[in-house]
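Enquirer: I have a structure I would like to understand better, so I am pasting it below and will then ask my questions one at a time.
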Amino acid sequence: MEDKVILEQLALTVSLRGNREVKDTYQVFHMTGLLDAFSEPVFRKVLNGYIESGPTNVILDLSGIDFCDSSGLGALVQLAKKVQNLNGTFQTISNPRVTQTVKLVRLEQFLSLQPSLEKAIENLPPEKK
């Protein structure tokens, strides 16, 4: 059986762009640009809405992010907590720049850093793939 797939552009900011890919049991957000104090409020608001509407298994692809500051980290923590409260899973695909920032504040476990989309999909619970 083919997975149902939805792909749509996200309305974010000039410095932060992205799209959303929805499969049957999970959704992937592919982000590029800057996740900083300027883009964080819109980023958090847009993703919160999609997380609430489901699916609640979320993979956040930050491999295309050039910069993430403390505001961006705060938004990631809030989104991860929201997903946990909805009994979903939250994983973050990282790049060396983002990984360094996340490890600096020791959030790599909480944000479930993954090296690739394939690895994140493998880590979904069996019934949620």
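To be explicit about the labels: the chains of the structure tokens are called A, B, and onward in the order shown, and within each one the residues are counted from 1, while ligands get numbers from 1 in the order they are shown.
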Per DSSP on the backbone, filter stretch 2-126 of chain A down to the residues in helix (DSSP H, G or I) and report them as a PyMOL selection string.
Expert: chain A and resi 40-53+70-85+96-104+117-122+126
Enquirer: Find the residues near A:Ile6: any atom within 9 Å, counting only C-alpha atoms, skip ones fewer than 4 places away on the same chain, and give them as an NGL selection string.
Expert: :A and (20-23)
Enquirer: Would you pick out the contacts of stretch 48-65 of chain A at 8 Å or less, using only C-alpha atoms, so that residues sharing its chain but fewer than 6 positions from it are not included, and give the list as a ChimeraX atom specification?
Expert: /A:22,24-35,79,82-83,86-95,98,117,120,124,128
Enquirer: What's the 12 Å shell around A:Leu73, counting only C-alpha atoms, without same-chain residues fewer than 2 positions away, as a PyMOL selection string?
Expert: chain A and resi 34-37+39-41+43-44+62+67-71+75-80+92+98-108+110-111
Enquirer: Those residues you just picked out, can you put them in a file as an mmCIF file, in the first residue's frame with C-alpha atoms?
Expert:
data_model
loop_
_atom_site.group_PDB
_atom_site.id
_atom_site.type_symbol
_atom_site.label_atom_id
_atom_site.label_comp_id
_atom_site.auth_asym_id
_atom_site.auth_seq_id
_atom_site.Cartn_x
_atom_site.Cartn_y
_atom_site.Cartn_z
ATOM 1 C CA LEU A 34 18.338 31.252 10.044
ATOM 2 C CA LEU A 35 16.510 30.074 13.170
ATOM 3 C CA ASP A 36 17.018 33.155 15.312
ATOM 4 C CA ALA A 37 15.169 35.769 17.391
ATOM 5 C CA SER A 39 12.288 34.094 12.725
ATOM 6 C CA GLU A 40 11.532 32.160 15.937
ATOM 7 C CA PRO A 41 8.015 33.539 16.708
ATOM 8 C CA PHE A 43 8.527 29.333 13.181
ATOM 9 C CA ARG A 44 7.031 28.309 16.529
ATOM 10 C CA LEU A 62 17.586 21.335 10.351
ATOM 11 C CA PHE A 67 22.487 29.602 12.235
ATOM 12 C CA CYS A 68 20.501 28.779 15.378
ATOM 13 C CA ASP A 69 20.570 31.074 18.420
ATOM 14 C CA SER A 70 19.110 30.714 21.924
ATOM 15 C CA SER A 71 15.661 31.819 20.703
ATOM 16 C CA ALA A 75 11.473 27.090 20.208
ATOM 17 C CA LEU A 76 12.871 23.591 19.576
ATOM 18 C CA VAL A 77 12.472 22.702 23.262
ATOM 19 C CA GLN A 78 8.890 24.035 23.305
ATOM 20 C CA LEU A 79 7.984 22.062 20.184
ATOM 21 C CA ALA A 80 9.568 18.863 21.563
ATOM 22 C CA THR A 92 15.892 16.556 14.897
ATOM 23 C CA VAL A 98 23.377 23.072 14.821
ATOM 24 C CA THR A 99 24.823 20.060 16.652
ATOM 25 C CA GLN A 100 27.502 22.230 18.229
ATOM 26 C CA THR A 101 24.883 24.708 19.490
ATOM 27 C CA VAL A 102 22.607 21.958 20.832
ATOM 28 C CA LYS A 103 25.463 20.104 22.555
ATOM 29 C CA LEU A 104 26.648 23.330 24.173
ATOM 30 C CA VAL A 105 23.429 23.355 26.228
ATOM 31 C CA ARG A 106 23.299 19.545 26.516
ATOM 32 C CA LEU A 107 20.007 19.071 24.687
ATOM 33 C CA GLU A 108 21.150 16.440 22.157
ATOM 34 C CA PHE A 110 16.095 15.685 24.518
ATOM 35 C CA LEU A 111 15.952 16.875 20.901
#
